[in-house]
$ cat start27.cif   # mmCIF, C-alpha atoms
data_upload
loop_
_atom_site.label_atom_id
_atom_site.label_comp_id
_atom_site.auth_asym_id
_atom_site.auth_seq_id
_atom_site.Cartn_x
_atom_site.Cartn_y
_atom_site.Cartn_z
CA MET A 1 0.00 0.00 0.00
CA THR A 2 1.14 3.54 -0.71
CA SER A 3 0.67 6.82 1.12
CA ILE A 4 1.50 10.46 0.42
CA VAL A 5 1.88 12.86 3.33
CA VAL A 6 1.57 16.57 2.53
CA GLY A 7 3.44 18.72 5.06
CA ALA A 8 6.57 17.82 7.03
CA GLY A 9 5.65 19.41 10.35
CA VAL A 10 5.53 17.38 13.53
CA MET A 11 2.24 15.61 12.75
CA GLY A 12 3.11 14.89 9.14
CA LEU A 13 6.47 13.46 10.14
CA ALA A 14 4.96 11.37 12.93
CA ALA A 15 2.24 10.02 10.63
CA ALA A 16 4.77 9.20 7.89
CA TRP A 17 7.02 7.41 10.38
CA HIS A 18 4.22 5.27 11.78
CA LEU A 19 2.95 4.41 8.31
CA ALA A 20 6.41 3.40 7.10
CA ARG A 21 6.99 1.30 10.20
CA ALA A 22 3.81 -0.59 9.33
CA GLY A 23 5.12 -1.40 5.86
CA GLU A 24 3.54 1.42 3.81
CA ALA A 25 5.49 2.97 0.95
CA VAL A 26 5.40 6.62 2.05
CA THR A 27 6.30 9.80 0.19
CA LEU A 28 6.53 12.96 2.31
CA LEU A 29 6.12 16.30 0.52
CA GLU A 30 7.17 19.67 1.94
CA ARG A 31 6.92 23.09 0.31
CA GLY A 32 10.38 24.07 1.64
CA PRO A 33 13.39 22.28 3.07
CA ILE A 34 13.02 19.29 5.39
CA PRO A 35 13.08 20.25 8.22
CA ASN A 36 11.58 23.62 7.32
CA PRO A 37 12.65 26.46 9.67
CA SER A 38 9.67 28.56 8.51
CA ALA A 39 7.10 25.90 9.43
CA ALA A 40 4.86 26.27 12.48
CA SER A 41 6.49 23.20 14.08
CA TRP A 42 9.98 24.69 14.01
CA ASP A 43 10.99 26.53 17.17
CA SER A 44 13.34 25.95 20.07
CA HIS A 45 10.70 24.68 22.45
CA ARG A 46 6.99 24.15 23.06
CA LEU A 47 4.91 23.50 26.14
CA ILE A 48 3.28 20.20 26.94
CA ARG A 49 0.59 20.30 29.59
CA ALA A 50 -2.72 18.71 30.53
CA LEU A 51 -4.44 21.93 31.55
CA TYR A 52 -7.64 22.40 29.53
CA PRO A 53 -10.55 24.07 31.33
CA GLY A 54 -13.85 22.44 30.47
CA ARG A 55 -12.18 20.13 27.95
CA PRO A 56 -11.79 16.70 29.58
CA GLY A 57 -11.19 15.15 26.15
CA TYR A 58 -8.09 17.26 25.53
CA THR A 59 -6.97 16.79 29.12
CA ARG A 60 -7.06 13.05 28.59
CA MET A 61 -5.37 13.34 25.19
CA ALA A 62 -2.55 15.32 26.78
CA LEU A 63 -2.05 12.63 29.41
CA ASP A 64 -1.93 10.03 26.63
CA ALA A 65 0.53 12.15 24.66
CA TYR A 66 3.33 11.49 27.14
CA ALA A 67 3.25 7.78 26.27
CA ALA A 68 3.26 8.58 22.54
CA TRP A 69 6.37 10.73 22.99
CA ASP A 70 7.98 7.94 25.03
CA GLU A 71 7.61 5.75 21.93
CA VAL A 72 9.55 8.34 19.91
CA TRP A 73 12.28 8.64 22.57
CA ALA A 74 12.68 4.84 22.67
CA ALA A 75 13.05 4.60 18.90
CA ALA A 76 15.42 7.56 18.65
CA GLY A 77 17.52 6.75 21.70
CA VAL A 78 17.24 10.36 22.85
CA ARG A 79 14.75 12.29 24.97
CA HIS A 80 13.99 15.82 23.76
CA TYR A 81 11.91 16.75 26.79
CA GLU A 82 12.39 18.59 30.10
CA ASN A 83 9.90 17.48 32.73
CA CYS A 84 9.85 20.74 34.71
CA GLY A 85 6.09 20.71 35.33
CA SER A 86 3.43 23.26 34.39
CA ILE A 87 1.49 25.89 36.30
CA ALA A 88 -1.49 28.21 35.86
CA PHE A 89 -2.49 31.04 38.20
CA SER A 90 -6.01 31.71 39.44
CA ARG A 91 -7.21 35.22 40.29
CA ALA A 92 -10.96 34.62 40.57
CA GLU A 93 -13.36 31.75 41.12
CA GLY A 94 -14.34 30.20 37.80
CA ASP A 95 -11.40 31.61 35.82
CA TRP A 96 -9.19 29.68 33.38
CA ALA A 97 -7.02 27.99 36.00
CA ASP A 98 -10.00 27.18 38.21
CA GLY A 99 -11.72 25.53 35.25
CA CYS A 100 -8.81 23.12 34.82
CA ARG A 101 -9.48 21.41 38.14
CA ALA A 102 -12.65 19.48 37.27
CA PRO A 103 -11.18 17.63 34.24
CA LEU A 104 -8.05 16.77 36.22
CA ASP A 105 -10.12 15.54 39.17
CA ALA A 106 -12.31 13.43 36.90
CA LEU A 107 -9.25 11.73 35.41
CA GLY A 108 -7.42 11.35 38.71
CA ALA A 109 -4.45 13.42 37.51
CA ALA A 110 -1.98 14.63 40.14
CA TYR A 111 -1.68 18.35 40.87
CA GLU A 112 -1.36 20.70 43.83
CA LEU A 113 -2.52 24.21 44.63
CA LEU A 114 0.35 26.45 45.69
CA PRO A 115 -0.62 29.34 48.01
CA PRO A 116 0.51 32.94 47.37
CA ASP A 117 3.40 32.82 49.86
CA GLU A 118 4.83 29.73 48.17
CA LEU A 119 4.43 31.33 44.75
CA ALA A 120 6.30 34.44 45.92
CA ARG A 121 9.14 32.28 47.21
CA ARG A 122 9.47 30.06 44.15
CA PHE A 123 8.80 32.69 41.48
CA PRO A 124 10.36 35.99 42.57
CA PHE A 125 10.05 37.31 39.03
CA LEU A 126 6.24 37.38 39.26
CA ILE A 127 4.02 40.15 40.54
CA PRO A 128 1.86 38.12 42.95
CA ASP A 129 -0.83 40.74 43.56
CA GLY A 130 -4.30 39.22 43.18
CA ILE A 131 -3.22 35.60 42.69
CA ARG A 132 -5.30 33.18 44.79
CA TRP A 133 -3.20 30.11 44.08
CA GLY A 134 -1.18 28.39 41.39
CA LEU A 135 -2.28 25.04 39.95
CA PHE A 136 0.95 23.09 39.61
CA MET A 137 1.23 19.76 37.76
CA PRO A 138 4.50 17.88 38.24
CA GLU A 139 4.02 16.10 34.90
CA GLY A 140 4.52 18.36 31.92
CA GLY A 141 7.02 20.94 30.80
CA VAL A 142 9.03 21.61 27.69
CA LEU A 143 9.38 19.78 24.38
CA PHE A 144 12.44 20.81 22.36
CA ALA A 145 10.61 21.32 19.09
CA ASP A 146 13.40 21.82 16.55
CA ARG A 147 15.34 18.85 17.95
CA ILE A 148 12.19 16.71 17.81
CA VAL A 149 11.45 17.64 14.21
CA ALA A 150 15.04 16.89 13.17
CA THR A 151 14.90 13.54 14.98
CA LEU A 152 11.60 12.61 13.33
CA VAL A 153 13.17 13.36 9.95
CA ASP A 154 15.96 10.91 10.80
CA LEU A 155 13.44 8.29 11.95
CA CYS A 156 11.43 8.71 8.75
CA ARG A 157 14.55 8.35 6.63
CA ALA A 158 15.61 5.23 8.52
CA ALA A 159 12.11 3.74 8.11
CA GLY A 160 12.30 4.19 4.33
CA VAL A 161 10.13 7.28 3.85
CA THR A 162 10.86 9.10 0.58
CA LEU A 163 11.47 12.73 1.55
CA ARG A 164 10.74 15.34 -1.10
CA PRO A 165 11.64 18.88 -0.04
CA ASP A 166 10.87 21.95 -2.17
CA ALA A 167 7.73 20.26 -3.48
CA PRO A 168 4.80 22.65 -2.85
CA VAL A 169 1.41 21.08 -3.51
CA ARG A 170 -1.04 22.90 -5.76
CA ALA A 171 -4.05 20.58 -5.52
CA VAL A 172 -5.32 17.43 -3.82
CA ASP A 173 -8.01 15.23 -5.37
CA ALA A 174 -9.34 13.38 -2.35
CA GLU A 175 -11.49 10.94 -4.32
CA ALA A 176 -8.75 9.96 -6.78
CA GLY A 177 -5.96 10.01 -4.21
CA THR A 178 -3.84 12.33 -6.34
CA VAL A 179 -1.59 15.23 -5.43
CA THR A 180 -0.52 17.79 -8.02
CA LEU A 181 2.64 19.74 -7.38
CA ALA A 182 3.08 23.39 -8.31
CA SER A 183 4.53 24.31 -11.68
CA GLY A 184 7.74 26.25 -11.91
CA THR A 185 9.41 24.19 -9.16
CA LEU A 186 11.80 21.26 -9.32
CA ALA A 187 8.68 19.08 -9.36
CA SER A 188 7.36 20.89 -12.49
CA GLY A 189 3.65 20.27 -12.03
CA GLU A 190 4.01 16.54 -11.45
CA THR A 191 0.97 14.53 -10.33
CA LEU A 192 1.40 11.73 -7.81
CA GLN A 193 -1.13 9.05 -6.82
CA ALA A 194 -1.39 6.84 -3.76
CA ASP A 195 -3.85 4.63 -1.92
CA SER A 196 -4.12 7.32 0.76
CA VAL A 197 -3.18 10.97 1.15
CA VAL A 198 -2.58 12.57 4.57
CA VAL A 199 -2.75 16.38 4.51
CA THR A 200 -1.03 18.17 7.39
CA ALA A 201 -0.45 21.47 5.59
CA GLY A 202 -1.05 23.85 8.50
CA ALA A 203 -1.83 27.43 7.51
CA TRP A 204 -1.78 26.46 3.81
CA VAL A 205 -4.61 23.93 4.06
CA GLY A 206 -7.24 26.42 2.88
CA GLY A 207 -5.55 26.65 -0.51
CA LEU A 208 -5.92 22.89 -0.95
CA PHE A 209 -9.48 22.63 0.40
CA PRO A 210 -11.20 25.96 -0.43
CA ASP A 211 -14.46 24.84 1.19
CA LEU A 212 -12.67 25.01 4.54
CA ALA A 213 -11.76 28.69 4.21
CA GLY A 214 -14.55 29.79 6.55
CA ARG A 215 -13.78 27.08 9.09
CA LEU A 216 -9.98 26.97 9.22
CA THR A 217 -8.53 30.48 9.43
CA PRO A 218 -4.79 31.23 9.14
CA TYR A 219 -3.39 33.67 11.68
CA ARG A 220 -0.07 35.32 12.27
CA GLN A 221 1.18 35.34 15.87
CA LEU A 222 4.37 36.43 17.58
CA VAL A 223 6.69 34.97 20.20
CA VAL A 224 9.44 36.95 21.92
CA TYR A 225 12.67 35.66 23.45
CA LEU A 226 14.03 37.50 26.48
CA ASP A 227 17.17 37.66 28.57
CA PRO A 228 15.93 37.98 32.18
CA PRO A 229 17.66 40.12 34.82
CA ALA A 230 20.57 38.37 36.53
CA GLU A 231 18.88 38.36 39.94
CA VAL A 232 16.01 36.15 38.71
CA ALA A 233 17.82 34.11 36.05
CA ALA A 234 18.22 31.10 38.35
CA ALA A 235 14.53 31.21 39.34
CA TRP A 236 13.52 31.24 35.69
CA ALA A 237 15.83 28.31 34.91
CA ALA A 238 14.11 26.29 37.67
CA ALA A 239 10.57 27.35 36.75
CA PRO A 240 7.81 25.19 35.27
CA GLY A 241 6.05 26.07 32.06
CA ILE A 242 3.67 28.94 32.78
CA ILE A 243 0.38 28.34 31.01
CA ASP A 244 -1.87 31.17 32.14
CA CYS A 245 -1.40 34.16 34.44
CA GLY A 246 -5.08 34.89 35.00
CA PHE A 247 -5.42 37.99 32.81
CA PRO A 248 -7.50 38.42 29.64
CA ASP A 249 -4.32 38.69 27.53
CA ASP A 250 -3.66 34.94 27.91
CA HIS A 251 0.01 35.16 28.91
CA TRP A 252 2.23 32.09 28.78
CA ALA A 253 5.97 31.57 29.19
CA ILE A 254 8.49 28.80 28.55
CA PRO A 255 11.48 28.73 30.90
CA PRO A 256 15.07 28.69 29.59
CA VAL A 257 15.79 24.99 30.10
CA GLY A 258 17.99 22.60 28.17
CA GLY A 259 20.08 25.31 26.57
CA THR A 260 17.11 27.35 25.32
CA ARG A 261 16.06 30.95 25.97
CA LEU A 262 13.14 32.36 27.93
CA LYS A 263 10.16 32.69 25.59
CA ILE A 264 6.93 34.56 26.21
CA GLY A 265 3.64 34.58 24.36
CA VAL A 266 0.38 36.49 24.37
CA GLY A 267 -2.57 34.55 23.00
CA ALA A 268 -4.47 37.71 22.11
CA TRP A 269 -1.59 38.99 19.96
CA LYS A 270 -2.71 37.56 16.64
CA ARG A 271 -4.25 38.69 13.38
CA ARG A 272 -5.64 37.03 10.30
CA ALA A 273 -2.98 36.72 7.66
CA ASP A 274 -2.35 35.16 4.28
CA PRO A 275 0.28 32.45 4.90
CA GLU A 276 2.05 33.58 1.73
CA ALA A 277 2.37 37.16 3.01
CA ASP A 278 5.52 38.47 4.65
CA PRO A 279 4.96 38.24 8.44
CA ALA A 280 7.96 40.42 9.29
CA VAL A 281 8.14 41.94 12.77
CA ALA A 282 7.25 45.63 12.66
CA ALA A 283 9.43 48.31 14.24
CA GLY A 284 8.59 48.54 17.93
CA GLU A 285 6.34 45.47 17.84
CA ALA A 286 8.53 43.37 20.13
CA GLU A 287 8.69 46.19 22.67
CA ALA A 288 4.90 46.64 22.58
CA PHE A 289 4.52 42.88 22.97
CA ARG A 290 6.78 42.83 26.02
CA GLU A 291 4.75 45.70 27.51
CA ARG A 292 1.74 43.38 27.75
CA TYR A 293 3.66 41.64 30.55
CA ARG A 294 3.69 44.80 32.69
CA PRO A 295 1.09 43.39 35.17
CA VAL A 296 2.87 40.01 35.28
CA LEU A 297 6.64 40.47 35.64
CA ARG A 298 8.64 42.52 38.10
CA SER A 299 11.34 44.82 36.66
CA LEU A 300 9.99 44.31 33.15
CA ASP A 301 12.24 46.98 31.64
CA GLU A 302 15.28 44.95 32.66
CA TYR A 303 14.28 42.05 30.40
CA ARG A 304 16.35 42.43 27.25
CA ILE A 305 14.67 41.45 23.99
CA LEU A 306 16.78 38.89 22.15
CA GLU A 307 14.51 38.04 19.24
CA ALA A 308 10.93 38.31 18.05
CA ARG A 309 9.66 35.57 15.78
CA PRO A 310 6.41 35.52 13.79
CA CYS A 311 4.52 32.24 13.49
CA ARG A 312 1.74 31.00 11.21
CA TYR A 313 -1.07 28.98 12.75
CA ILE A 314 -4.49 27.75 11.70
CA PHE A 315 -7.47 28.44 13.98
CA THR A 316 -11.04 27.24 14.31
CA ALA A 317 -13.76 29.22 16.05
CA ASP A 318 -13.95 26.66 18.87
CA SER A 319 -10.19 25.86 19.02
CA ARG A 320 -10.87 22.20 18.31
CA PHE A 321 -8.69 19.99 16.13
CA VAL A 322 -9.75 18.58 12.78
CA LEU A 323 -9.09 15.00 11.71
CA GLU A 324 -11.47 13.78 9.04
CA ARG A 325 -11.53 11.45 6.07
CA ARG A 326 -12.47 12.63 2.59
CA GLY A 327 -12.38 9.84 0.03
CA ARG A 328 -8.79 8.62 0.05
CA ALA A 329 -7.57 11.70 1.88
CA TRP A 330 -7.18 12.39 5.58
CA LEU A 331 -7.25 16.03 6.61
CA VAL A 332 -5.37 16.78 9.85
CA SER A 333 -5.23 20.24 11.42
CA PRO A 334 -3.99 20.98 14.96
CA CYS A 335 -5.86 24.22 15.43
CA SER A 336 -5.13 27.27 17.55
CA GLY A 337 -1.41 26.88 18.05
CA HIS A 338 -1.56 24.26 20.80
CA GLY A 339 -1.04 21.20 18.65
CA PHE A 340 2.67 20.43 18.89
CA LYS A 341 2.35 18.56 22.19
CA PHE A 342 -0.06 16.16 20.47
CA GLY A 343 2.19 15.61 17.43
CA ALA A 344 3.31 12.08 18.26
CA LEU A 345 -0.15 11.03 19.44
CA ILE A 346 -2.14 12.39 16.48
CA GLY A 347 0.47 11.21 13.99
CA ARG A 348 0.08 7.69 15.33
CA ALA A 349 -3.72 8.00 15.37
CA VAL A 350 -4.02 9.12 11.76
CA ALA A 351 -1.69 6.31 10.71
CA ASP A 352 -4.00 3.90 12.52
CA GLY A 353 -6.90 5.36 10.54
CA VAL A 354 -5.13 4.96 7.22
CA LEU A 355 -4.21 1.38 8.12
CA GLY A 356 -7.81 0.54 9.12
CA ARG A 357 -7.00 0.06 12.78
CA ARG A 358 -9.36 2.85 13.91
CA ALA A 359 -12.61 4.06 12.38
CA ALA A 360 -12.67 7.48 10.72
CA ASP A 361 -15.75 8.73 12.60
CA GLU A 362 -14.23 7.73 15.95
CA LEU A 363 -11.00 9.57 15.10
CA THR A 364 -12.93 12.68 14.04
CA SER A 365 -14.77 12.76 17.36
CA TRP A 366 -11.62 12.02 19.36
CA ALA A 367 -9.57 14.76 17.68
CA ALA A 368 -12.34 17.25 18.37
CA GLY A 369 -11.79 16.61 22.08
CA HIS A 370 -14.70 14.31 22.80
CA LEU A 371 -14.00 11.62 25.38
CA PRO A 372 -13.82 8.11 23.89
CA ALA A 373 -15.72 5.23 25.34
CA GLU A 374 -14.30 3.91 28.62
CA GLY A 375 -11.29 1.72 28.00
CA ASP A 376 -10.73 3.01 24.44
CA ARG A 377 -7.55 5.02 25.00
CA ALA A 378 -5.63 6.30 21.98
#

$ encode --input "start27.cif" --output "structure tokens"
Amino acid sequence: MTSIVVGAGVMGLAAAWHLARAGEAVTLLERGPIPNPSAASWDSHRLIRALYPGRPGYTRMALDAYAAWDEVWAAAGVRHYENCGSIAFSRAEGDWADGCRAPLDALGAAYELLPPDELARRFPFLIPDGIRWGLFMPEGGVLFADRIVATLVDLCRAAGVTLRPDAPVRAVDAEAGTVTLASGTLASGETLQADSVVVTAGAWVGGLFPDLAGRLTPYRQLVVYLDPPAEVAAAWAAAPGIIDCGFPDDHWAIPPVGGTRLKIGVGAWKRRADPEADPAVAAGEAEAFRERYRPVLRSLDEYRILEARPCRYIFTADSRFVLERRGRAWLVSPCSGHGFKFGALIGRAVADGVLGRRAADELTSWAAGHLPAEGDRA
């Protein structure tokens, strides 16, 4: 049996690897180099956490994701993960962090609530005013994204996957199982056919499936890397991943572990954008971005900006993932920028769908964050 995978991000690579391990003849197409430094999956690190308020399905998926990554580490002989834990801060009853407790309780996941005095001791870089408690999970932390992507490329190559960089796809015929490459490239408009086609094209998926334009929206976001003040550098290096600080801006931060740099994000800092457009950082944008952390970090002006990096993500209105079958094609989209942590898990799941091990409708429901039947763990 033959498969074509469109898009060499984390999910495309994971799917290609699992398919090849099962004996499929797999061709992996990527619009740029493989790995592609401009792809959404490429960055120094990403958070992995099981904190999802009101979303027990995604909480459970996150818990399952650790085992899926363990499978990758075992095959690669290397572990690109720092288990430093994760934390979210509550400022009011019923807020984001408070909403995470019920799904965790229902699944029996371990966590603790750290009181304000403990937070002030452990995180001297934070402004603690108004924080009721911090929800700390010892399991979770930081995935080293660029290292993971490079390792998955090596695993795919070793499993016999045919890697085709600089092969942008112009069209997918889901019923025929064909993929047509763009003209004017090294591929010169070539058409390929396979028994199955897996599309993990990220922000470019709307160009391949125009009917999804109103459902899957590409956005441009920003992340900023900082050099913290010397007096709190050690505290940052020992910090967990910070998921939410309890403000409407949706702050999050990844500590400088494993040779990486401190990275901050603001969920509200996004705009709709054509993925083909230049997402360059505007003059003063990084400084304005850092300013959004004024209510969060002490001595904010002492944090030196090292780099600002634009990212392209695909979003749905409800922030749910898409995994659905169309003819011979499987459309996979980790929406809203929080998909990397699920890369190994969803890649394995879509491979199971292609191989007939799991039903398409069950996978569609599961990827949308609906709890599977008891005992049916991915």

$ closest_residue --input "start27.cif" --among "A:Arg91, A:Arg132, A:His18, A:Arg157" --to "Ala349 in chain A" --atoms "only C-alpha atoms"
A:His18

$ closest_residue --input "start27.cif" --among "A:Gly134, A:Gly202, A:Pro165, A:Gly246" --to "Leu114 in chain A" --atoms "all atoms listed in the file"
A:Gly134

$ closest_residue --input "start27.cif" --among "A:Pro138, A:Asp154, A:Arg55, A:Gly356" --to "Arg320 in chain A" --atoms "all atoms listed in the file"
A:Arg55

$ closest_atom_pairs --input "start27.cif" --of "range 199-315 of chain A" --to "range 40-52 of chain A" --cutoff "12 Å" --atoms "all atoms listed in the file" --output "Markdown table"
| residue | atom | partner | partner_atom | distance |
| --- | --- | --- | --- | --- |
| A:Thr200 | CA | A:Ala40 | CA | 11.2 |
| A:Ala201 | CA | A:Ala40 | CA | 9.9 |
| A:Gly202 | CA | A:Ala40 | CA | 7.5 |
| A:Ala203 | CA | A:Ala40 | CA | 8.4 |
| A:Trp204 | CA | A:Ala40 | CA | 10.9 |
| A:Pro218 | CA | A:Ala40 | CA | 11.4 |
| A:Tyr219 | CA | A:Ala40 | CA | 11.1 |
| A:Arg220 | CA | A:Ala40 | CA | 10.3 |
| A:Gln221 | CA | A:Ala40 | CA | 10.4 |
| A:Leu222 | CA | A:Ala40 | CA | 11.4 |
| A:Val223 | CA | A:Asp43 | CA | 9.9 |
| A:Val224 | CA | A:Asp43 | CA | 11.6 |
| A:Tyr225 | CA | A:Ser44 | CA | 10.3 |
| A:Pro240 | CA | A:Leu47 | CA | 9.7 |
| A:Gly241 | CA | A:Leu47 | CA | 6.6 |
| A:Ile242 | CA | A:Leu47 | CA | 8.7 |
| A:Ile243 | CA | A:Leu51 | CA | 8.0 |
| A:Asp244 | CA | A:Leu51 | CA | 9.6 |
| A:Trp252 | CA | A:Leu47 | CA | 9.4 |
| A:Ala253 | CA | A:Leu47 | CA | 8.7 |
| A:Ile254 | CA | A:Leu47 | CA | 6.8 |
| A:Pro255 | CA | A:His45 | CA | 9.4 |
| A:Pro256 | CA | A:His45 | CA | 9.3 |
| A:Val257 | CA | A:His45 | CA | 9.2 |
| A:Gly258 | CA | A:His45 | CA | 9.5 |
| A:Gly259 | CA | A:Ser44 | CA | 9.4 |
| A:Thr260 | CA | A:Ser44 | CA | 6.6 |
| A:Arg261 | CA | A:Ser44 | CA | 8.2 |
| A:Leu262 | CA | A:His45 | CA | 9.7 |
| A:Lys263 | CA | A:His45 | CA | 8.6 |
| A:Ile264 | CA | A:Arg46 | CA | 10.9 |
| A:Gly265 | CA | A:Arg46 | CA | 11.0 |
| A:Pro275 | CA | A:Ala40 | CA | 10.8 |
| A:Ala308 | CA | A:Asp43 | CA | 11.8 |
| A:Arg309 | CA | A:Asp43 | CA | 9.2 |
| A:Pro310 | CA | A:Ala40 | CA | 9.5 |
| A:Cys311 | CA | A:Ala40 | CA | 6.1 |
| A:Arg312 | CA | A:Ala40 | CA | 5.8 |
| A:Tyr313 | CA | A:Ala40 | CA | 6.5 |
| A:Ile314 | CA | A:Ala40 | CA | 9.5 |

$ atom_distance --input "start27.cif" --atom1 "CA of Val10 in chain A" --atom2 "CA of Val78 in chain A"
16.5 Å

$ build_atoms --input "start27.cif" --residues "range 321-334 of chain A" --atoms "N, CA and C atoms" --output "PDB file, in the coordinates of the input"
ATOM      1  N   PHE A 321      -9.461  20.554  17.212  1.00  0.00           N
ATOM      2  CA  PHE A 321      -8.690  19.990  16.130  1.00  0.00           C
ATOM      3  C   PHE A 321      -9.604  19.383  15.073  1.00  0.00           C
ATOM      4  N   VAL A 322      -9.025  19.217  13.884  1.00  0.00           N
ATOM      5  CA  VAL A 322      -9.750  18.580  12.780  1.00  0.00           C
ATOM      6  C   VAL A 322      -8.970  17.351  12.338  1.00  0.00           C
ATOM      7  N   LEU A 323      -9.646  16.222  12.288  1.00  0.00           N
ATOM      8  CA  LEU A 323      -9.090  15.000  11.710  1.00  0.00           C
ATOM      9  C   LEU A 323     -10.255  14.286  11.047  1.00  0.00           C
ATOM     10  N   GLU A 324     -10.323  14.365   9.728  1.00  0.00           N
ATOM     11  CA  GLU A 324     -11.470  13.780   9.040  1.00  0.00           C
ATOM     12  C   GLU A 324     -11.042  13.147   7.723  1.00  0.00           C
ATOM     13  N   ARG A 325     -11.811  12.163   7.323  1.00  0.00           N
ATOM     14  CA  ARG A 325     -11.530  11.450   6.070  1.00  0.00           C
ATOM     15  C   ARG A 325     -12.395  12.008   4.957  1.00  0.00           C
ATOM     16  N   ARG A 326     -11.775  12.211   3.798  1.00  0.00           N
ATOM     17  CA  ARG A 326     -12.470  12.630   2.590  1.00  0.00           C
ATOM     18  C   ARG A 326     -11.996  11.734   1.451  1.00  0.00           C
ATOM     19  N   GLY A 327     -12.803  10.771   1.071  1.00  0.00           N
ATOM     20  CA  GLY A 327     -12.380   9.840   0.030  1.00  0.00           C
ATOM     21  C   GLY A 327     -11.131   9.095   0.465  1.00  0.00           C
ATOM     22  N   ARG A 328     -10.057   9.244  -0.310  1.00  0.00           N
ATOM     23  CA  ARG A 328      -8.790   8.620   0.050  1.00  0.00           C
ATOM     24  C   ARG A 328      -7.914   9.524   0.911  1.00  0.00           C
ATOM     25  N   ALA A 329      -8.387  10.722   1.159  1.00  0.00           N
ATOM     26  CA  ALA A 329      -7.570  11.700   1.880  1.00  0.00           C
ATOM     27  C   ALA A 329      -7.969  11.787   3.347  1.00  0.00           C
ATOM     28  N   TRP A 330      -6.984  12.127   4.156  1.00  0.00           N
ATOM     29  CA  TRP A 330      -7.180  12.390   5.580  1.00  0.00           C
ATOM     30  C   TRP A 330      -6.688  13.800   5.851  1.00  0.00           C
ATOM     31  N   LEU A 331      -7.567  14.647   6.325  1.00  0.00           N
ATOM     32  CA  LEU A 331      -7.250  16.030   6.610  1.00  0.00           C
ATOM     33  C   LEU A 331      -6.976  16.171   8.106  1.00  0.00           C
ATOM     34  N   VAL A 332      -5.788  16.676   8.449  1.00  0.00           N
ATOM     35  CA  VAL A 332      -5.370  16.780   9.850  1.00  0.00           C
ATOM     36  C   VAL A 332      -4.944  18.211  10.117  1.00  0.00           C
ATOM     37  N   SER A 333      -5.576  18.859  11.104  1.00  0.00           N
ATOM     38  CA  SER A 333      -5.230  20.240  11.420  1.00  0.00           C
ATOM     39  C   SER A 333      -5.242  20.460  12.922  1.00  0.00           C
ATOM     40  N   PRO A 334      -4.063  20.702  13.524  1.00  0.00           N
ATOM     41  CA  PRO A 334      -3.990  20.980  14.960  1.00  0.00           C
ATOM     42  C   PRO A 334      -4.249  22.459  15.212  1.00  0.00           C
TER      43      PRO A 334
END
